[in-house]
file model-v3.tsv (TSV, C-alpha atoms)
chain	number	residue	atom	x	y	z
A	465	MET	CA	46.79	16.01	-12.72
A	466	ARG	CA	43.44	14.59	-13.85
A	467	VAL	CA	43.25	14.30	-17.64
A	468	LEU	CA	40.31	13.24	-19.79
A	469	MET	CA	41.57	10.88	-22.50
A	470	PRO	CA	39.94	8.74	-25.22
A	471	ASP	CA	38.71	5.37	-24.03
A	472	LEU	CA	40.93	3.40	-26.40
A	473	PRO	CA	43.43	0.62	-25.60
A	474	GLU	CA	46.41	2.69	-26.77
A	475	PHE	CA	45.49	5.52	-24.41
A	476	ARG	CA	44.48	3.25	-21.53
A	477	ALA	CA	48.01	1.83	-21.64
A	478	LEU	CA	49.57	5.24	-21.02
A	479	THR	CA	51.27	5.73	-17.68
A	480	VAL	CA	52.78	9.09	-16.81
A	481	GLU	CA	53.84	9.88	-13.26
A	482	GLY	CA	51.54	12.43	-11.70
A	483	VAL	CA	48.78	11.96	-14.30
A	484	THR	CA	45.43	10.34	-13.52
A	485	PRO	CA	43.71	9.35	-16.78
A	486	LEU	CA	39.93	9.69	-17.02
A	487	PRO	CA	38.70	7.68	-20.04
A	488	TYR	CA	35.81	9.12	-22.04
A	489	ARG	CA	33.90	8.10	-25.13
A	490	ASN	CA	31.15	9.75	-27.16
A	491	GLY	CA	28.15	10.14	-24.88
A	492	GLU	CA	30.07	9.10	-21.75
A	493	VAL	CA	32.14	11.77	-19.99
A	494	PRO	CA	33.25	11.27	-16.37
A	495	ASP	CA	31.98	13.74	-13.80
A	496	GLY	CA	34.21	15.93	-11.66
A	497	GLU	CA	37.16	18.19	-12.18
A	498	ALA	CA	39.80	17.73	-14.85
A	499	GLU	CA	42.84	19.86	-15.58
A	500	GLY	CA	43.22	18.75	-19.18
A	501	VAL	CA	41.49	17.13	-22.15
A	502	VAL	CA	43.08	15.07	-24.90
A	503	LEU	CA	40.67	15.43	-27.80
A	504	TRP	CA	40.38	12.57	-30.28
A	505	GLY	CA	37.28	11.45	-32.17
A	506	ALA	CA	34.83	13.31	-29.94
A	507	ASN	CA	31.59	14.49	-31.53
A	508	ALA	CA	30.22	18.00	-30.97
A	509	GLU	CA	28.00	17.05	-28.02
A	510	THR	CA	30.80	15.21	-26.26
A	511	ARG	CA	33.22	18.10	-26.86
A	512	SER	CA	30.80	20.48	-25.17
A	513	HIS	CA	30.67	18.22	-22.09
A	514	LEU	CA	34.45	17.86	-22.04
A	515	PHE	CA	35.00	21.61	-22.23
A	516	ALA	CA	32.55	22.19	-19.37
A	517	ARG	CA	34.65	20.23	-16.82
A	518	PRO	CA	35.44	22.28	-13.71
A	519	GLY	CA	39.11	23.22	-13.35
A	520	LEU	CA	39.91	22.86	-17.06
A	521	ARG	CA	43.22	24.53	-17.94
A	522	TRP	CA	44.24	23.09	-21.29
A	523	VAL	CA	43.06	21.06	-24.28
A	524	LEU	CA	45.26	19.05	-26.63
A	525	THR	CA	43.54	18.25	-29.93
A	526	LEU	CA	45.33	15.46	-31.76
A	527	THR	CA	44.69	17.16	-35.07
A	528	ALA	CA	46.55	19.79	-37.06
A	529	GLY	CA	43.46	21.93	-37.69
A	530	ILE	CA	41.53	23.57	-34.89
A	531	ASP	CA	38.39	24.78	-36.68
A	532	HIS	CA	36.33	22.12	-34.84
A	533	VAL	CA	37.15	23.72	-31.47
A	534	GLN	CA	37.83	27.34	-32.37
A	535	GLY	CA	35.70	29.66	-30.25
A	536	GLN	CA	34.30	26.86	-28.07
A	537	LEU	CA	36.81	26.82	-25.21
A	538	PRO	CA	36.14	28.67	-21.95
A	539	PRO	CA	38.21	31.83	-21.41
A	540	GLY	CA	41.73	31.17	-20.17
A	541	VAL	CA	41.91	27.56	-21.40
A	542	ALA	CA	45.08	26.94	-23.43
A	543	LEU	CA	44.75	25.08	-26.73
A	544	TYR	CA	47.44	22.87	-28.27
A	545	ASN	CA	47.35	21.12	-31.62
A	546	ALA	CA	49.41	18.21	-32.94
A	547	SER	CA	50.72	19.25	-36.35
A	548	PRO	CA	53.95	17.20	-36.00
A	549	LEU	CA	51.86	14.06	-35.53
A	550	HIS	CA	50.47	14.44	-39.05
A	551	ALA	CA	53.22	16.23	-40.93
A	552	ARG	CA	55.00	13.28	-42.49
A	553	ALA	CA	51.84	11.55	-43.71
A	554	VAL	CA	50.40	14.76	-45.19
A	555	ALA	CA	53.67	15.58	-46.94
A	556	VAL	CA	53.94	12.06	-48.37
A	557	HIS	CA	50.28	12.07	-49.45
A	558	THR	CA	50.78	15.40	-51.21
A	559	LEU	CA	53.86	14.17	-53.04
A	560	ALA	CA	52.07	10.96	-54.02
A	561	GLY	CA	49.19	12.94	-55.54
A	562	MET	CA	51.55	15.14	-57.51
A	563	LEU	CA	53.49	12.18	-58.88
A	564	ALA	CA	50.29	10.32	-59.74
A	565	ALA	CA	49.00	13.34	-61.65
A	566	ALA	CA	52.30	13.89	-63.45
A	567	ARG	CA	52.39	10.25	-64.58
A	568	GLY	CA	48.70	10.23	-65.52
A	569	LEU	CA	47.84	7.36	-63.18
A	570	HIS	CA	44.28	8.63	-62.73
A	571	ARG	CA	43.67	8.51	-66.47
A	572	PHE	CA	45.14	5.01	-66.76
A	573	ARG	CA	42.93	3.86	-63.88
A	574	ASP	CA	39.90	5.24	-65.73
A	575	ALA	CA	40.99	3.37	-68.87
A	576	GLN	CA	41.53	0.21	-66.80
A	577	ARG	CA	37.92	0.32	-65.64
A	578	GLN	CA	36.88	0.39	-69.30
A	579	GLY	CA	39.24	-2.46	-70.14
A	580	GLN	CA	41.13	-0.19	-72.55
A	581	TRP	CA	44.87	-0.18	-73.34
A	582	GLN	CA	45.54	3.51	-73.99
A	583	PRO	CA	49.18	4.63	-74.09
A	584	ARG	CA	49.67	8.38	-73.60
A	585	ARG	CA	52.47	10.77	-74.45
A	586	ASP	CA	51.43	13.74	-72.29
A	587	LEU	CA	53.23	12.46	-69.19
A	588	SER	CA	55.82	14.25	-67.08
A	589	THR	CA	57.87	14.13	-63.91
A	590	LEU	CA	58.44	16.83	-61.31
A	591	ASP	CA	61.97	17.48	-62.57
A	592	GLY	CA	62.32	21.22	-63.07
A	593	ALA	CA	58.76	21.91	-61.91
A	594	SER	CA	58.09	25.18	-60.09
A	595	VAL	CA	56.09	24.33	-56.97
A	596	VAL	CA	54.53	27.01	-54.78
A	597	VAL	CA	53.77	25.76	-51.28
A	598	TRP	CA	51.19	28.19	-49.91
A	599	GLY	CA	51.38	27.59	-46.18
A	600	HIS	CA	55.09	26.96	-45.77
A	601	GLY	CA	55.06	25.81	-42.16
A	602	HIS	CA	56.17	22.50	-40.63
A	603	ILE	CA	54.34	20.35	-43.19
A	604	GLY	CA	55.35	22.62	-46.05
A	605	ARG	CA	59.03	22.40	-45.16
A	606	MET	CA	58.80	18.62	-44.93
A	607	LEU	CA	57.14	18.53	-48.35
A	608	GLU	CA	59.94	20.68	-49.74
A	609	ASP	CA	62.47	18.14	-48.45
A	610	LEU	CA	60.56	15.38	-50.27
A	611	LEU	CA	60.23	17.37	-53.50
A	612	THR	CA	63.87	18.39	-53.77
A	613	PRO	CA	65.22	14.95	-54.78
A	614	HIS	CA	62.61	14.91	-57.57
A	615	GLY	CA	64.16	18.02	-59.08
A	616	ALA	CA	61.35	20.42	-58.17
A	617	HIS	CA	62.01	24.05	-57.31
A	618	VAL	CA	59.98	25.11	-54.27
A	619	THR	CA	58.83	28.60	-53.34
A	620	GLY	CA	57.25	28.93	-49.91
A	621	LEU	CA	54.47	31.43	-49.24
A	622	ARG	CA	53.25	32.44	-45.81
A	623	SER	CA	50.55	34.79	-44.59
A	624	ALA	CA	53.13	37.55	-44.25
A	625	THR	CA	54.39	37.22	-47.85
A	626	PRO	CA	53.92	40.60	-49.62
A	627	PRO	CA	51.12	40.47	-52.23
A	628	ALA	CA	53.41	41.38	-55.13
A	629	GLU	CA	55.83	38.58	-54.22
A	630	ARG	CA	52.95	36.14	-53.79
A	631	ASP	CA	51.39	37.02	-57.14
A	632	ALA	CA	54.72	36.68	-58.94
A	633	ALA	CA	55.24	33.23	-57.45
A	634	LEU	CA	51.74	32.10	-58.45
A	635	ALA	CA	52.22	33.34	-62.01
A	636	GLY	CA	55.28	31.14	-62.47
A	637	ALA	CA	53.98	28.02	-60.77
A	638	ASP	CA	53.50	24.63	-62.36
A	639	TRP	CA	51.96	23.45	-59.09
A	640	VAL	CA	50.31	25.35	-56.24
A	641	VAL	CA	50.02	23.31	-53.03
A	642	LEU	CA	47.66	24.62	-50.35
A	643	LEU	CA	48.55	23.83	-46.73
A	644	LEU	CA	46.91	26.85	-45.11
A	645	PRO	CA	44.63	26.62	-42.06
A	646	ASP	CA	41.00	27.70	-42.08
A	647	THR	CA	40.83	31.29	-40.82
A	648	PRO	CA	38.69	34.31	-41.75
A	649	GLN	CA	41.67	35.59	-43.74
A	650	THR	CA	42.22	32.39	-45.75
A	651	ARG	CA	38.64	31.42	-46.62
A	652	GLY	CA	38.14	31.74	-50.34
A	653	ILE	CA	41.71	32.93	-50.86
A	654	VAL	CA	41.94	30.84	-54.03
A	655	ASN	CA	39.22	32.60	-55.99
A	656	ALA	CA	38.72	33.37	-59.68
A	657	ASP	CA	41.33	36.13	-59.56
A	658	ALA	CA	43.98	33.91	-57.94
A	659	LEU	CA	43.30	31.08	-60.40
A	660	ALA	CA	43.52	33.49	-63.35
A	661	ARG	CA	47.03	34.48	-62.20
A	662	LEU	CA	48.25	30.91	-62.72
A	663	LYS	CA	49.83	30.08	-66.04
A	664	PRO	CA	47.81	27.82	-68.34
A	665	GLY	CA	48.15	24.17	-67.45
A	666	ALA	CA	49.15	24.68	-63.80
A	667	TRP	CA	47.84	22.20	-61.24
A	668	LEU	CA	46.31	22.88	-57.83
A	669	SER	CA	46.76	20.56	-54.83
A	670	ASN	CA	44.77	21.20	-51.65
A	671	GLN	CA	45.61	19.40	-48.40
A	672	GLY	CA	44.73	22.37	-46.21
A	673	ARG	CA	41.00	23.05	-45.94
A	674	GLY	CA	38.23	23.00	-48.52
A	675	SER	CA	37.20	26.51	-47.54
A	676	LEU	CA	40.42	27.89	-49.03
A	677	VAL	CA	39.09	27.40	-52.55
A	678	ASP	CA	36.08	28.95	-54.27
A	679	THR	CA	34.63	25.75	-55.73
A	680	ASP	CA	32.66	27.50	-58.49
A	681	ALA	CA	35.80	29.33	-59.59
A	682	LEU	CA	37.75	26.06	-59.52
A	683	LEU	CA	35.18	24.34	-61.73
A	684	ALA	CA	35.22	27.26	-64.16
A	685	ALA	CA	39.03	27.15	-64.37
A	686	LEU	CA	38.94	23.40	-64.99
A	687	ASP	CA	36.20	23.63	-67.61
A	688	SER	CA	37.94	26.44	-69.50
A	689	GLY	CA	41.14	24.39	-69.68
A	690	HIS	CA	43.12	27.13	-67.94
A	691	LEU	CA	43.83	24.85	-64.97
A	692	GLY	CA	45.59	21.62	-65.82
A	693	GLY	CA	43.92	19.74	-62.99
A	694	ALA	CA	43.53	19.46	-59.24
A	695	VAL	CA	44.41	17.03	-56.46
A	696	LEU	CA	41.96	17.50	-53.59
A	697	ASP	CA	42.01	15.85	-50.18
A	698	VAL	CA	39.62	18.50	-48.88
A	699	THR	CA	36.63	20.09	-50.59
A	700	ASP	CA	33.88	22.65	-50.12
A	701	PRO	CA	31.32	21.28	-49.43
A	702	GLU	CA	32.72	18.39	-47.40
A	703	PRO	CA	31.95	15.56	-47.62
A	704	LEU	CA	31.55	16.08	-51.35
A	705	PRO	CA	27.95	14.99	-52.05
A	706	PRO	CA	26.95	12.45	-54.71
A	707	GLY	CA	26.43	14.06	-58.09
A	708	HIS	CA	28.71	17.04	-57.41
A	709	PRO	CA	30.41	18.24	-60.62
A	710	LEU	CA	33.91	17.67	-59.23
A	711	TRP	CA	33.35	13.90	-59.17
A	712	ALA	CA	33.03	13.79	-62.97
A	713	ARG	CA	36.14	15.82	-63.85
A	714	GLU	CA	38.69	13.43	-65.34
A	715	ASN	CA	41.59	15.73	-64.39
A	716	VAL	CA	40.64	15.88	-60.70
A	717	LEU	CA	41.93	13.38	-58.12
A	718	ILE	CA	39.84	13.30	-54.94
A	719	THR	CA	40.60	11.62	-51.62
A	720	PRO	CA	38.20	11.87	-48.62
A	721	HIS	CA	40.22	14.04	-46.20
A	722	ILE	CA	42.64	11.23	-45.34
A	723	ALA	CA	46.01	12.85	-46.08
A	724	SER	CA	47.17	12.36	-42.50
A	725	THR	CA	45.72	8.88	-42.05
A	726	THR	CA	47.96	5.89	-41.41
A	727	ALA	CA	47.20	2.46	-39.98
A	728	ASP	CA	49.18	3.29	-36.84
A	729	LEU	CA	47.73	6.77	-36.32
A	730	THR	CA	46.01	5.95	-33.00
A	731	ALA	CA	49.19	4.41	-31.60
A	732	ARG	CA	51.22	7.39	-32.74
A	733	GLY	CA	48.61	9.71	-31.24
A	734	ALA	CA	48.96	7.95	-27.89
A	735	GLY	CA	52.74	8.28	-28.11
A	736	TYR	CA	52.42	11.98	-28.89
A	737	THR	CA	50.10	12.35	-25.90
A	738	ARG	CA	52.60	10.61	-23.60
A	739	ALA	CA	55.38	13.01	-24.62
A	740	PHE	CA	53.03	15.98	-24.19
A	741	LEU	CA	51.99	14.90	-20.68
A	742	GLU	CA	55.58	14.22	-19.66
A	743	GLU	CA	56.50	17.78	-20.64
A	744	LEU	CA	53.61	19.18	-18.61
A	745	ALA	CA	54.38	16.96	-15.61
A	746	ALA	CA	58.00	18.19	-15.69
A	747	GLY	CA	56.84	21.80	-15.63
A	748	ARG	CA	57.85	22.51	-19.23
A	749	GLU	CA	55.76	24.11	-21.96
A	750	PRO	CA	54.87	21.52	-24.64
A	751	GLU	CA	55.04	22.37	-28.32
A	752	GLY	CA	51.92	23.16	-30.30
A	753	ARG	CA	50.47	26.08	-28.33
A	754	VAL	CA	47.87	27.70	-30.58
A	755	GLU	CA	47.68	31.46	-31.00
A	756	THR	CA	43.91	31.70	-31.05
A	757	SER	CA	44.03	35.21	-32.50
A	758	LYS	CA	45.72	33.77	-35.62
A	759	GLY	CA	43.68	30.58	-35.75
A	760	TYR	CA	46.68	28.22	-35.72

call {"tool": "encode", "arguments": {"input": "model-v3.tsv", "output": "structure tokens"}}
result
Amino acid sequence: MRVLMPDLPEFRALTVEGVTPLPYRNGEVPDGEAEGVVLWGANAETRSHLFARPGLRWVLTLTAGIDHVQGQLPPGVALYNASPLHARAVAVHTLAGMLAAARGLHRFRDAQRQGQWQPRRDLSTLDGASVVVWGHGHIGRMLEDLLTPHGAHVTGLRSATPPAERDAALAGADWVVLLLPDTPQTRGIVNADALARLKPGAWLSNQGRGSLVDTDALLAALDSGHLGGAVLDVTDPEPLPPGHPLWARENVLITPHIASTTADLTARGAGYTRAFLEELAAGREPEGRVETSKGY
């Protein structure tokens, strides 16, 4: 089985019986047939060359999201993602943002820059907090496990949750965490109407995709004081350009789409790839098969 893989030391070190690795890098894709592609760090031009290889049967993208490849694969090519590779880091990042907001660390950091000692009394914990996890899949369940020891009460919402049940959960939430994928059905799902359903002072945390949130509606909810604040690892637009109004909001914590990033991510990605290839070589179906009709 000939497999195109990133030209990185961690992937070059992989040895799986029956697999011939074909290293690629941006702008340099080997010629000839390949049964599979392991996608990691490839730009749009390189992806198009990878997907045009004769004999291609499957693609493994070492990401949780698939919007960068959706609709680009030839007919009949199976797509796999790697949500488990990122789940722990995203869940931990989400929890960290919630705790930082509850303890006002962003405000103290702002005061630190000004050289000001400013004690505050409007601090909290997550004990007793009602947390709605909108996108209660693998990452959402892991986040719930992390939140439970902090005394939070978690309600999971999925795409199949009835609207009345969803709206009731949103109305009672202290926190709404977005872990949904980018699909035609989820784009703009957090609009002015959804934000208005939240109780005053609720916080929004988005580690899914920036397209889930209507940014103008978010700014309006922040400026009116209805929304307590937001923790955003993803934005719309993305990257968030200099001078965008979100940068100046003191009750918004922004990170640059790094929720899943860890220092050992490439090594862990290579390990995930090894396990995936071993399953294929043994004639078993690996986890992570994407239902392209659903978009995840």

call {"tool": "residues_around", "arguments": {"input": "model-v3.tsv", "residues": "Val654 of chain A", "least_positions_apart": "4", "cutoff": "10 Å", "atoms": "all atoms listed in the file", "output": "PyMOL selection string"}}
result
chain A and resi 642+650+658-660+668+675-679+681-682

call {"tool": "closest_residue", "arguments": {"input": "model-v3.tsv", "among": "A:Leu514, A:Leu569, A:Ile653, A:Val596", "to": "Glu629 of chain A", "atoms": "only C-alpha atoms"}}
result
A:Val596

call {"tool": "residues_around", "arguments": {"input": "model-v3.tsv", "residues": "segment 550-562 of chain A", "least_positions_apart": "2", "cutoff": "10 Å", "atoms": "all atoms listed in the file", "output": "count of residues only"}}
result
52

call {"tool": "closest_residue", "arguments": {"input": "model-v3.tsv", "among": "A:Pro701, A:Arg661, A:Thr647, A:Gly707", "to": "Gly529 of chain A", "atoms": "only C-alpha atoms"}}
result
A:Thr647

call {"tool": "closest_residue", "arguments": {"input": "model-v3.tsv", "among": "A:Glu743, A:Pro706, A:Asp700, A:Pro539", "to": "Glu481 of chain A", "atoms": "all atoms listed in the file"}}
result
A:Glu743

call {"tool": "closest_residue", "arguments": {"input": "model-v3.tsv", "among": "A:Thr699, A:Asn545, A:Gln582, A:Gln649", "to": "Val716 of chain A", "atoms": "only C-alpha atoms"}}
result
A:Thr699

call {"tool": "residues_around", "arguments": {"input": "model-v3.tsv", "residues": "Ala632 of chain A", "least_positions_apart": "5", "cutoff": "12 Å", "atoms": "all atoms listed in the file", "output": "number ranges by chain"}}
result
A: 596, 619, 621, 625-627, 637, 658, 661-663

call {"tool": "write_last_selection", "arguments": {"input": "model-v3.tsv", "atoms": "C-alpha atoms", "output": "CSV table (one decimal), in the coordinates of the input"}}
result
chain,number,residue,atom,x,y,z
A,596,VAL,CA,54.5,27.0,-54.8
A,619,THR,CA,58.8,28.6,-53.3
A,621,LEU,CA,54.5,31.4,-49.2
A,625,THR,CA,54.4,37.2,-47.8
A,626,PRO,CA,53.9,40.6,-49.6
A,627,PRO,CA,51.1,40.5,-52.2
A,637,ALA,CA,54.0,28.0,-60.8
A,658,ALA,CA,44.0,33.9,-57.9
A,661,ARG,CA,47.0,34.5,-62.2
A,662,LEU,CA,48.2,30.9,-62.7
A,663,LYS,CA,49.8,30.1,-66.0

call {"tool": "closest_residue", "arguments": {"input": "model-v3.tsv", "among": "A:Pro487, A:Arg466, A:Phe475, A:Arg713", "to": "Leu520 of chain A", "atoms": "only C-alpha atoms"}}
result
A:Arg466

call {"tool": "atom_distance", "arguments": {"input": "model-v3.tsv", "atom1": "atom CA of Gly652 of chain A", "atom2": "atom CA of Leu549 of chain A"}}
result
26.8 Å

call {"tool": "residues_around", "arguments": {"input": "model-v3.tsv", "residues": "Ala616 of chain A", "least_positions_apart": "2", "cutoff": "8 Å", "atoms": "only C-alpha atoms", "output": "count of residues only"}}
result
11

call {"tool": "build_atoms", "arguments": {"input": "model-v3.tsv", "residues": "segment 624-646 of chain A", "atoms": "N, CA and C atoms", "output": "compact mmCIF listing (two decimals), keeping the file's coordinate frame"}}
result
# COMPACT_ATOMS: atom_id res chain seq x y z
N ALA A 624 52.45 36.25 -44.25
CA ALA A 624 53.13 37.55 -44.25
C ALA A 624 53.83 37.86 -45.57
N THR A 625 53.76 36.96 -46.56
CA THR A 625 54.39 37.22 -47.85
C THR A 625 53.74 38.43 -48.51
N PRO A 626 54.51 39.42 -48.96
CA PRO A 626 53.92 40.60 -49.62
C PRO A 626 53.11 40.19 -50.85
N PRO A 627 51.98 40.85 -51.11
CA PRO A 627 51.12 40.47 -52.23
C PRO A 627 51.84 40.42 -53.57
N ALA A 628 52.72 41.38 -53.85
CA ALA A 628 53.41 41.38 -55.13
C ALA A 628 54.30 40.14 -55.27
N GLU A 629 54.98 39.77 -54.20
CA GLU A 629 55.83 38.58 -54.22
C GLU A 629 54.99 37.32 -54.37
N ARG A 630 53.86 37.29 -53.69
CA ARG A 630 52.95 36.14 -53.79
C ARG A 630 52.43 35.99 -55.21
N ASP A 631 51.96 37.08 -55.80
CA ASP A 631 51.39 37.02 -57.14
C ASP A 631 52.43 36.61 -58.18
N ALA A 632 53.65 37.07 -58.01
CA ALA A 632 54.72 36.68 -58.94
C ALA A 632 55.00 35.19 -58.85
N ALA A 633 55.00 34.66 -57.63
CA ALA A 633 55.24 33.23 -57.45
C ALA A 633 54.12 32.41 -58.08
N LEU A 634 52.87 32.83 -57.88
CA LEU A 634 51.74 32.10 -58.45
C LEU A 634 51.80 32.10 -59.97
N ALA A 635 52.20 33.22 -60.55
CA ALA A 635 52.22 33.34 -62.01
C ALA A 635 53.22 32.39 -62.65
N GLY A 636 54.26 32.02 -61.91
CA GLY A 636 55.28 31.14 -62.47
C GLY A 636 55.15 29.70 -62.06
N ALA A 637 54.09 29.35 -61.36
CA ALA A 637 53.98 28.02 -60.77
C ALA A 637 53.45 26.98 -61.74
N ASP A 638 54.07 25.81 -61.71
CA ASP A 638 53.50 24.63 -62.36
C ASP A 638 52.53 23.92 -61.43
N TRP A 639 52.80 24.02 -60.13
CA TRP A 639 51.96 23.45 -59.09
C TRP A 639 51.78 24.47 -57.97
N VAL A 640 50.56 24.58 -57.45
CA VAL A 640 50.31 25.35 -56.24
C VAL A 640 49.73 24.38 -55.21
N VAL A 641 50.44 24.22 -54.10
CA VAL A 641 50.02 23.31 -53.03
C VAL A 641 49.50 24.16 -51.87
N LEU A 642 48.29 23.88 -51.44
CA LEU A 642 47.66 24.62 -50.35
C LEU A 642 47.77 23.83 -49.05
N LEU A 643 48.44 24.44 -48.07
CA LEU A 643 48.55 23.83 -46.73
C LEU A 643 48.15 24.84 -45.66
N LEU A 644 47.34 25.80 -46.03
CA LEU A 644 46.91 26.85 -45.11
C LEU A 644 45.83 26.35 -44.16
N PRO A 645 45.74 26.95 -42.96
CA PRO A 645 44.63 26.62 -42.06
C PRO A 645 43.36 27.37 -42.46
N ASP A 646 42.27 27.00 -41.87
CA ASP A 646 41.00 27.70 -42.08
C ASP A 646 40.92 28.87 -41.10
